[in-house]
$ cat run.csv   # CSV, C-alpha atoms and all ligand atoms
chain,number,residue,atom,x,y,z
A,1,MET,CA,-59.7,5.5,-21.1
A,2,GLN,CA,-58.5,2.8,-18.8
A,3,LEU,CA,-56.3,-0.1,-19.9
A,4,LEU,CA,-57.5,-3.6,-18.9
A,5,ASP,CA,-54.0,-4.8,-17.9
A,6,GLY,CA,-53.8,-8.6,-18.6
A,7,LYS,CA,-50.2,-8.7,-17.4
A,8,LYS,CA,-51.0,-7.3,-14.0
A,9,LEU,CA,-54.2,-9.3,-13.6
A,10,SER,CA,-52.7,-12.6,-14.7
A,11,ALA,CA,-49.9,-12.2,-12.3
A,12,GLU,CA,-52.5,-11.7,-9.5
A,13,VAL,CA,-54.5,-14.7,-10.5
A,14,LYS,CA,-51.4,-16.9,-10.8
A,15,ALA,CA,-50.2,-15.7,-7.3
A,16,GLU,CA,-53.6,-16.6,-5.9
A,17,ILE,CA,-53.5,-20.1,-7.4
A,18,LYS,CA,-49.9,-20.6,-6.2
A,19,VAL,CA,-51.0,-19.9,-2.6
A,20,GLU,CA,-53.6,-22.6,-2.9
A,21,VAL,CA,-51.2,-25.1,-4.5
A,22,ASP,CA,-48.6,-24.4,-1.7
A,23,LYS,CA,-51.3,-25.1,0.9
A,24,ILE,CA,-52.4,-28.4,-0.9
A,25,LYS,CA,-48.8,-29.5,-1.0
A,26,ALA,CA,-48.1,-28.5,2.7
A,27,ASN,CA,-51.1,-30.6,3.7
A,28,GLY,CA,-49.7,-33.6,1.8
A,29,GLY,CA,-52.3,-33.3,-1.0
A,30,LYS,CA,-51.8,-34.2,-4.7
A,31,THR,CA,-50.0,-31.8,-6.9
A,32,PRO,CA,-52.3,-30.6,-9.7
A,33,HIS,CA,-51.2,-32.0,-13.0
A,34,LEU,CA,-52.0,-30.6,-16.5
A,35,ALA,CA,-51.0,-32.4,-19.7
A,36,ALA,CA,-51.0,-30.9,-23.2
A,37,ILE,CA,-50.9,-32.6,-26.6
A,38,LEU,CA,-49.4,-30.7,-29.5
A,39,VAL,CA,-49.7,-32.1,-33.0
A,40,GLY,CA,-47.4,-30.8,-35.7
A,41,ASN,CA,-45.2,-27.7,-35.7
A,42,ASN,CA,-47.5,-24.7,-36.0
A,43,GLY,CA,-45.3,-21.9,-34.7
A,44,ALA,CA,-48.1,-20.0,-32.9
A,45,SER,CA,-49.4,-23.2,-31.2
A,46,GLU,CA,-45.8,-24.1,-30.1
A,47,THR,CA,-45.5,-20.7,-28.4
A,48,TYR,CA,-48.9,-21.0,-26.7
A,49,VAL,CA,-48.3,-24.5,-25.4
A,50,ALA,CA,-44.8,-23.5,-24.2
A,51,SER,CA,-46.3,-20.6,-22.3
A,52,LYS,CA,-49.0,-22.9,-20.7
A,53,ILE,CA,-46.3,-25.3,-19.6
A,54,LYS,CA,-44.1,-22.4,-18.2
A,55,SER,CA,-47.1,-21.1,-16.3
A,56,CYS,CA,-47.6,-24.5,-14.7
A,57,GLU,CA,-44.0,-24.5,-13.5
A,58,GLU,CA,-44.4,-20.9,-12.1
A,59,ILE,CA,-47.3,-21.9,-9.9
A,60,GLY,CA,-46.1,-25.3,-8.8
A,61,PHE,CA,-48.3,-27.5,-11.0
A,62,LYS,CA,-46.9,-30.7,-12.6
A,63,SER,CA,-47.1,-30.6,-16.4
A,64,THR,CA,-46.6,-33.1,-19.2
A,65,LEU,CA,-46.1,-32.1,-22.9
A,66,ILE,CA,-46.8,-34.7,-25.5
A,67,SER,CA,-45.5,-33.5,-28.9
A,68,LEU,CA,-46.6,-35.5,-31.9
A,69,PRO,CA,-45.6,-35.2,-35.6
A,70,ASP,CA,-48.1,-33.7,-38.1
A,71,THR,CA,-48.3,-37.2,-39.7
A,72,THR,CA,-50.0,-38.5,-36.6
A,73,SER,CA,-53.2,-40.3,-37.5
A,74,GLU,CA,-56.5,-39.6,-35.9
A,75,ALA,CA,-56.5,-43.2,-34.4
A,76,GLU,CA,-53.0,-42.6,-32.9
A,77,LEU,CA,-54.1,-39.3,-31.3
A,78,LEU,CA,-57.3,-41.0,-29.9
A,79,SER,CA,-55.0,-43.6,-28.3
A,80,HIS,CA,-53.0,-40.9,-26.5
A,81,ILE,CA,-56.2,-39.3,-25.4
A,82,GLN,CA,-57.4,-42.6,-24.0
A,83,ASP,CA,-54.2,-43.0,-22.1
A,84,LEU,CA,-54.6,-39.5,-20.5
A,85,ASN,CA,-58.3,-40.2,-19.8
A,86,PHE,CA,-57.3,-43.2,-17.7
A,87,ASP,CA,-54.1,-41.7,-16.1
A,88,GLU,CA,-55.0,-41.1,-12.5
A,89,ASP,CA,-52.2,-38.7,-11.9
A,90,VAL,CA,-53.4,-36.3,-14.7
A,91,ASP,CA,-56.2,-33.9,-13.5
A,92,GLY,CA,-56.8,-32.3,-16.8
A,93,PHE,CA,-55.5,-32.1,-20.4
A,94,ILE,CA,-55.8,-30.1,-23.6
A,95,VAL,CA,-55.3,-30.9,-27.2
A,96,GLN,CA,-54.0,-27.7,-28.8
A,97,LEU,CA,-56.0,-26.5,-31.8
A,98,PRO,CA,-55.8,-26.2,-34.7
A,99,LEU,CA,-55.2,-29.8,-35.7
A,100,PRO,CA,-53.8,-31.0,-39.0
A,101,ALA,CA,-56.6,-31.1,-41.7
A,102,HIS,CA,-56.8,-35.0,-41.7
A,103,ILE,CA,-57.9,-35.0,-38.0
A,104,SER,CA,-61.5,-34.1,-37.0
A,105,GLU,CA,-61.4,-31.6,-34.2
A,106,ASN,CA,-65.0,-32.5,-33.2
A,107,THR,CA,-64.1,-36.2,-32.9
A,108,ILE,CA,-61.0,-35.3,-30.8
A,109,MET,CA,-63.0,-32.9,-28.5
A,110,GLU,CA,-65.6,-35.6,-27.9
A,111,ALA,CA,-62.9,-38.2,-27.0
A,112,VAL,CA,-61.6,-36.2,-24.0
A,113,ALA,CA,-63.3,-37.3,-20.8
A,114,PRO,CA,-65.6,-34.4,-19.8
A,115,GLU,CA,-64.2,-34.4,-16.2
A,116,LYS,CA,-60.6,-33.8,-17.6
A,117,ASP,CA,-61.7,-31.4,-20.3
A,118,VAL,CA,-60.1,-28.3,-18.8
A,119,ASP,CA,-60.4,-26.5,-22.1
A,120,GLY,CA,-64.2,-26.8,-21.7
A,121,PHE,CA,-64.6,-27.8,-25.4
A,122,HIS,CA,-66.5,-31.1,-24.9
A,123,PRO,CA,-70.2,-30.9,-25.8
A,124,ILE,CA,-71.1,-31.9,-22.3
A,125,ASN,CA,-69.2,-29.0,-20.8
A,126,VAL,CA,-70.6,-26.6,-23.4
A,127,GLY,CA,-74.2,-27.9,-22.7
A,128,ARG,CA,-73.7,-27.7,-19.0
A,129,MET,CA,-72.4,-24.1,-19.3
A,130,CYS,CA,-75.5,-23.2,-21.4
A,131,LYS,CA,-77.8,-24.6,-18.7
A,132,GLY,CA,-75.9,-22.8,-15.9
A,133,LEU,CA,-74.7,-26.1,-14.4
A,134,PRO,CA,-71.2,-26.5,-13.0
A,135,ALA,CA,-68.9,-26.9,-16.0
A,136,TYR,CA,-65.4,-26.1,-17.2
A,137,ILE,CA,-65.7,-22.7,-18.9
A,138,SER,CA,-63.3,-22.4,-21.8
A,139,ALA,CA,-60.2,-20.5,-21.1
A,140,THR,CA,-60.6,-17.3,-23.2
A,141,PRO,CA,-64.2,-16.6,-22.2
A,142,TYR,CA,-63.1,-17.3,-18.6
A,143,GLY,CA,-60.3,-14.8,-18.9
A,144,ILE,CA,-62.6,-12.1,-20.3
A,145,LEU,CA,-65.1,-12.6,-17.5
A,146,GLU,CA,-62.3,-12.4,-14.9
A,147,MET,CA,-61.1,-9.1,-16.4
A,148,LEU,CA,-64.6,-7.6,-16.4
A,149,GLU,CA,-65.1,-8.7,-12.8
A,150,ARG,CA,-61.7,-7.6,-11.4
A,151,TYR,CA,-62.1,-4.1,-13.0
A,152,LYS,CA,-65.7,-4.0,-11.6
A,153,ILE,CA,-67.2,-3.2,-15.0
A,154,GLU,CA,-71.0,-2.8,-14.9
A,155,THR,CA,-72.6,-5.3,-17.3
A,156,ALA,CA,-76.3,-5.6,-16.3
A,157,GLY,CA,-78.6,-4.2,-19.0
A,158,LYS,CA,-75.7,-3.3,-21.3
A,159,HIS,CA,-75.6,-4.1,-25.0
A,160,CYS,CA,-72.8,-6.5,-25.6
A,161,VAL,CA,-71.8,-7.1,-29.2
A,162,VAL,CA,-69.7,-10.1,-29.9
A,163,VAL,CA,-68.0,-10.1,-33.3
A,164,GLY,CA,-67.1,-13.7,-34.4
A,165,ARG,CA,-69.0,-16.9,-33.8
A,166,SER,CA,-66.2,-19.4,-33.2
A,167,GLN,CA,-66.9,-22.4,-31.0
A,168,ILE,CA,-64.1,-21.5,-28.7
A,169,VAL,CA,-64.6,-17.8,-28.1
A,170,GLY,CA,-67.6,-16.0,-29.8
A,171,LEU,CA,-70.3,-18.6,-29.2
A,172,PRO,CA,-69.5,-19.3,-25.5
A,173,MET,CA,-68.9,-15.6,-24.8
A,174,SER,CA,-72.3,-14.7,-26.2
A,175,ILE,CA,-73.9,-17.2,-23.9
A,176,LEU,CA,-72.0,-16.2,-20.8
A,177,MET,CA,-72.7,-12.4,-21.3
A,178,GLN,CA,-76.5,-13.0,-21.4
A,179,ARG,CA,-76.7,-15.3,-18.3
A,180,ASN,CA,-78.4,-14.1,-15.1
A,181,ALA,CA,-75.1,-13.5,-13.2
A,182,TYR,CA,-72.3,-11.1,-12.9
A,183,PRO,CA,-70.6,-10.5,-15.3
A,184,GLY,CA,-73.6,-11.0,-17.5
A,185,ASN,CA,-77.2,-9.9,-17.7
A,186,CYS,CA,-76.4,-8.1,-21.0
A,187,THR,CA,-78.5,-7.8,-24.1
A,188,VAL,CA,-76.3,-9.7,-26.5
A,189,THR,CA,-75.9,-9.5,-30.3
A,190,ILE,CA,-73.6,-12.0,-32.0
A,191,CYS,CA,-72.2,-10.9,-35.4
A,192,HIS,CA,-70.4,-12.8,-38.1
A,193,SER,CA,-69.3,-12.6,-41.8
A,194,ARG,CA,-72.9,-12.5,-43.0
A,195,THR,CA,-74.1,-9.7,-40.7
A,196,HIS,CA,-75.6,-6.7,-42.4
A,197,ASN,CA,-74.6,-3.3,-41.2
A,198,LEU,CA,-71.8,-4.6,-39.0
A,199,LYS,CA,-70.4,-1.2,-38.3
A,200,GLU,CA,-73.8,0.2,-37.2
A,201,VAL,CA,-74.3,-2.8,-34.9
A,202,CYS,CA,-70.9,-2.3,-33.3
A,203,GLN,CA,-71.5,1.4,-32.9
A,204,SER,CA,-74.4,0.6,-30.6
A,205,ALA,CA,-72.3,-1.7,-28.3
A,206,ASP,CA,-71.6,-0.7,-24.7
A,207,ILE,CA,-69.3,-3.7,-24.5
A,208,LEU,CA,-67.6,-4.7,-27.8
A,209,ILE,CA,-65.9,-8.1,-27.9
A,210,ALA,CA,-63.8,-8.5,-31.1
A,211,ALA,CA,-63.1,-12.2,-31.8
A,212,LEU,CA,-63.1,-12.4,-35.6
A,213,GLY,CA,-59.3,-13.0,-36.2
A,214,ARG,CA,-58.8,-10.2,-38.7
A,215,PRO,CA,-56.0,-7.9,-37.6
A,216,GLU,CA,-57.0,-4.3,-36.9
A,217,PHE,CA,-60.4,-4.7,-38.4
A,218,ILE,CA,-62.2,-2.7,-35.7
A,219,THR,CA,-61.4,1.0,-36.4
A,220,ALA,CA,-62.5,4.0,-34.4
A,221,ASP,CA,-65.6,4.5,-36.5
A,222,TYR,CA,-67.0,1.1,-35.2
A,223,VAL,CA,-66.8,2.2,-31.6
A,224,LYS,CA,-69.2,4.2,-29.4
A,225,GLU,CA,-67.6,6.9,-27.2
A,226,GLY,CA,-66.8,5.3,-23.8
A,227,ALA,CA,-67.4,1.7,-24.8
A,228,VAL,CA,-65.6,-1.2,-23.2
A,229,VAL,CA,-63.5,-2.8,-25.9
A,230,ILE,CA,-62.2,-6.4,-25.5
A,231,ASP,CA,-59.7,-7.5,-28.2
A,232,VAL,CA,-59.4,-11.3,-28.5
A,233,GLY,CA,-57.4,-11.3,-31.8
A,234,ILE,CA,-53.8,-12.5,-31.8
A,235,THR,CA,-52.6,-12.7,-35.4
A,236,ARG,CA,-49.0,-12.9,-36.5
A,237,VAL,CA,-48.3,-10.4,-39.3
A,238,PRO,CA,-44.9,-10.1,-41.2
A,239,ASP,CA,-42.7,-7.3,-39.7
A,240,ALA,CA,-39.1,-7.1,-40.9
A,241,SER,CA,-38.2,-4.7,-38.1
A,242,LYS,CA,-38.8,-7.5,-35.5
A,243,LYS,CA,-36.2,-10.2,-34.7
A,244,SER,CA,-38.9,-12.9,-34.9
A,245,GLY,CA,-39.9,-11.5,-38.4
A,246,PHE,CA,-43.5,-10.9,-37.2
A,247,ALA,CA,-45.6,-8.6,-35.0
A,248,ILE,CA,-48.6,-9.7,-33.0
A,249,LYS,CA,-51.8,-7.7,-34.0
A,250,GLY,CA,-55.2,-7.7,-32.3
A,251,ASP,CA,-58.6,-7.4,-34.1
A,252,VAL,CA,-58.8,-3.7,-32.9
A,253,LYS,CA,-56.8,-0.8,-34.3
A,254,PHE,CA,-55.6,0.1,-30.8
A,255,ASP,CA,-54.1,3.5,-31.4
A,256,GLU,CA,-57.2,5.1,-32.8
A,257,VAL,CA,-59.8,3.1,-30.8
A,258,ALA,CA,-58.1,3.6,-27.3
A,259,PRO,CA,-58.7,7.3,-27.0
A,260,LYS,CA,-62.4,6.8,-27.7
A,261,SER,CA,-63.0,3.8,-25.4
A,262,GLY,CA,-63.9,3.7,-21.7
A,263,TYR,CA,-61.8,0.6,-21.2
A,264,ILE,CA,-59.7,-1.4,-23.6
A,265,THR,CA,-57.5,-4.5,-23.6
A,266,PRO,CA,-54.0,-4.2,-25.3
A,267,VAL,CA,-52.5,-6.9,-27.6
A,268,PRO,CA,-50.2,-8.3,-26.5
A,269,GLY,CA,-50.7,-8.0,-22.7
A,270,GLY,CA,-54.5,-8.4,-22.6
A,271,VAL,CA,-56.9,-11.3,-23.1
A,272,GLY,CA,-54.1,-13.7,-24.1
A,273,LEU,CA,-52.5,-13.8,-20.7
A,274,MET,CA,-55.8,-14.2,-19.0
A,275,THR,CA,-56.6,-17.2,-21.1
A,276,ILE,CA,-53.8,-19.2,-19.5
A,277,CYS,CA,-55.3,-18.3,-16.1
A,278,GLY,CA,-58.5,-19.9,-17.2
A,279,LEU,CA,-56.8,-23.1,-18.0
A,280,LEU,CA,-54.9,-23.1,-14.7
A,281,THR,CA,-58.0,-22.4,-12.7
A,282,ASN,CA,-59.9,-25.3,-14.4
A,283,THR,CA,-57.0,-27.6,-13.7
A,284,LEU,CA,-57.0,-26.6,-10.0
A,285,LEU,CA,-60.8,-27.1,-9.9
A,286,SER,CA,-60.4,-30.6,-11.5
A,287,SER,CA,-57.7,-31.6,-8.9
A,288,LYS,CA,-60.1,-30.6,-6.2
A,289,LYS,CA,-63.0,-32.5,-7.9
A,290,ALA,CA,-65.0,-29.2,-7.7
A,291,ILE,CA,-67.0,-29.6,-10.9
A,292,TYR,CA,-67.5,-33.4,-11.3
A,301,LIG,N1,-56.1,-22.8,-29.9
A,301,LIG,C1,-56.4,-21.5,-29.7
A,301,LIG,N2,-56.9,-21.3,-28.5
A,301,LIG,C2,-56.9,-22.5,-27.9
A,301,LIG,C3,-57.3,-22.9,-26.6
A,301,LIG,O1,-57.8,-22.2,-25.7
A,301,LIG,N3,-57.2,-24.2,-26.3
A,301,LIG,C4,-56.7,-25.1,-27.3
A,301,LIG,N4,-56.6,-26.4,-26.9
A,301,LIG,N5,-56.3,-24.7,-28.5
A,301,LIG,C5,-56.4,-23.4,-28.7
$ encode --input "run.csv" --output "structure tokens"
Amino acid sequence: MQLLDGKKLSAEVKAEIKVEVDKIKANGGKTPHLAAILVGNNGASETYVASKIKSCEEIGFKSTLISLPDTTSEAELLSHIQDLNFDEDVDGFIVQLPLPAHISENTIMEAVAPEKDVDGFHPINVGRMCKGLPAYISATPYGILEMLERYKIETAGKHCVVVGRSQIVGLPMSILMQRNAYPGNCTVTICHSRTHNLKEVCQSADILIAALGRPEFITADYVKEGAVVIDVGITRVPDASKKSGFAIKGDVKFDEVAPKSGYITPVPGGVGLMTICGLLTNTLLSSKKAIY
């Protein structure tokens, strides 16, 4: 079993981006600028956004955080988005999800200008990704591809099973793993809550991507000997022994699955850290006008 070490890889990717940013600045170019909008006070979202902003500082990006109360109306949020769409200094921005129930996530995602949509959530970016055109690839799928590539994991002809059909992970991941590229060229099965014989389908996976958001759901009996196991889950579960009062759990029961797997990502320290690299990479691409 080999650990897919998100901590080590994300440090490498960030160091590479910093070298580019330093060069841009030394040549008098514009500092890449990422903005983030956070609505409400969801503890997990606050942590994720703080870590995105901190990463910007580490690599020399400019960042702006717009924190809004959970009483913010959809119209008010749309107005902030318009301001960022027209702000020439901002290369890219994100609206952290989930949003309060009174705001439509689809309306918000469509309001972000596609050329500043560094989350890759706008239908134009999703559509362009499906067609293999230059597009912002959303951060978590990007992070997973980067891990597979940097560990030189064979993907062509393999059976990749994606568990979970979310718009931001499962669906794009299934599309990327079947495309004619590396990493890709897999035979892909996408599973969800209505899938029959889920365990048997997972047992046939050479590459198993767990993105269903149910802590420790994937146990050893779901996994083929030697499979590549990618755990996208990050759920907070109450844990009185921790200072924070919670522990972070993945979708995979790591202790029993790890000895059986060929490669596996830990949680924390796996896909989550690579996700931020995806966002930073997209922001750099935007500042270089490399996609649009
Ligand atoms: N919520 C969970 N993951 C993400 C992400 O990648 N981007 C945004 N904007 N919100 C999220």
$ closest_residue --input "run.csv" --among "A:Ser204, A:Asn42, A:Ser261, A:Gln82" --to "ligand LIG 301 (chain A)" --atoms "all atoms listed in the file"
A:Asn42
$ residues_around --input "run.csv" --residues "range 153-158 of chain A" --least-positions-apart "5" --cutoff "12 Å" --atoms "all atoms listed in the file" --output "number ranges by chain"
A: 2, 4, 144-148, 176-189, 204-208, 227-229, 262-264
$ atom_distance --input "run.csv" --atom1 "CA of Val49 in chain A" --atom2 "CA of Pro134 in chain A"
26.1 Å
$ residues_near_ligand --input "run.csv" --ligand "ligand LIG 301 (chain A)" --cutoff "8 Å" --atoms "only C-alpha atoms and all ligand atoms" --output "PDB file with C-alpha atoms, keeping the file's coordinate frame"
ATOM      1  CA  SER A  45     -49.400 -23.200 -31.200  1.00  0.00           C
ATOM      2  CA  ILE A  94     -55.800 -30.100 -23.600  1.00  0.00           C
ATOM      3  CA  VAL A  95     -55.300 -30.900 -27.200  1.00  0.00           C
ATOM      4  CA  GLN A  96     -54.000 -27.700 -28.800  1.00  0.00           C
ATOM      5  CA  LEU A  97     -56.000 -26.500 -31.800  1.00  0.00           C
ATOM      6  CA  PRO A  98     -55.800 -26.200 -34.700  1.00  0.00           C
ATOM      7  CA  ASP A 119     -60.400 -26.500 -22.100  1.00  0.00           C
ATOM      8  CA  SER A 138     -63.300 -22.400 -21.800  1.00  0.00           C
ATOM      9  CA  ALA A 139     -60.200 -20.500 -21.100  1.00  0.00           C
ATOM     10  CA  THR A 140     -60.600 -17.300 -23.200  1.00  0.00           C
ATOM     11  CA  ILE A 168     -64.100 -21.500 -28.700  1.00  0.00           C
ATOM     12  CA  THR A 275     -56.600 -17.200 -21.100  1.00  0.00           C
ATOM     13  CA  ILE A 276     -53.800 -19.200 -19.500  1.00  0.00           C
ATOM     14  CA  LEU A 279     -56.800 -23.100 -18.000  1.00  0.00           C
TER      15      LEU A 279
END
$ residues_near_point --input "run.csv" --point "(-59.3, -40.4, -16.7)" --cutoff "7 Å" --atoms "all atoms listed in the file" --output "list of chain:residue names"
A:Leu84, A:Asn85, A:Phe86, A:Asp87, A:Glu88, A:Ala113, A:Lys116
$ atom_distance --input "run.csv" --atom1 "CA of Lys243 in chain A" --atom2 "CA of Ser51 in chain A"
19.1 Å
$ closest_residue --input "run.csv" --among "A:Val161, A:Ala240, A:Asp5, A:Gly272" --to "Val223 in chain A" --atoms "all atoms listed in the file"
A:Val161
$ atom_distance --input "run.csv" --atom1 "CA of Met1 in chain A" --atom2 "CA of Lys14 in chain A"
26.0 Å
$ residues_around --input "run.csv" --residues "Phe217 in chain A" --least-positions-apart "5" --cutoff "7 Å" --atoms "only C-alpha atoms" --output "PyMOL selection string"
chain A and resi 251-253
$ closest_residue --input "run.csv" --among "A:Asp239, A:Glu225, A:Asp83, A:Asp89" --to "Val112 in chain A" --atoms "all atoms listed in the file"
A:Asp83
$ closest_residue --input "run.csv" --among "A:Gly6, A:Gly233, A:Pro114, A:Pro69" --to "Gly40 in chain A" --atoms "only C-alpha atoms"
A:Pro69
$ residues_around --input "run.csv" --residues "Pro215 in chain A" --least-positions-apart "4" --cutoff "12 Å" --atoms "all atoms listed in the file" --output "ChimeraX atom specification"
/A:210-211,219,231-238,247-254,267
$ closest_residue --input "run.csv" --among "A:Lys224, A:Lys62, A:Arg214, A:Lys152" --to "Glu200 in chain A" --atoms "only C-alpha atoms"
A:Lys224
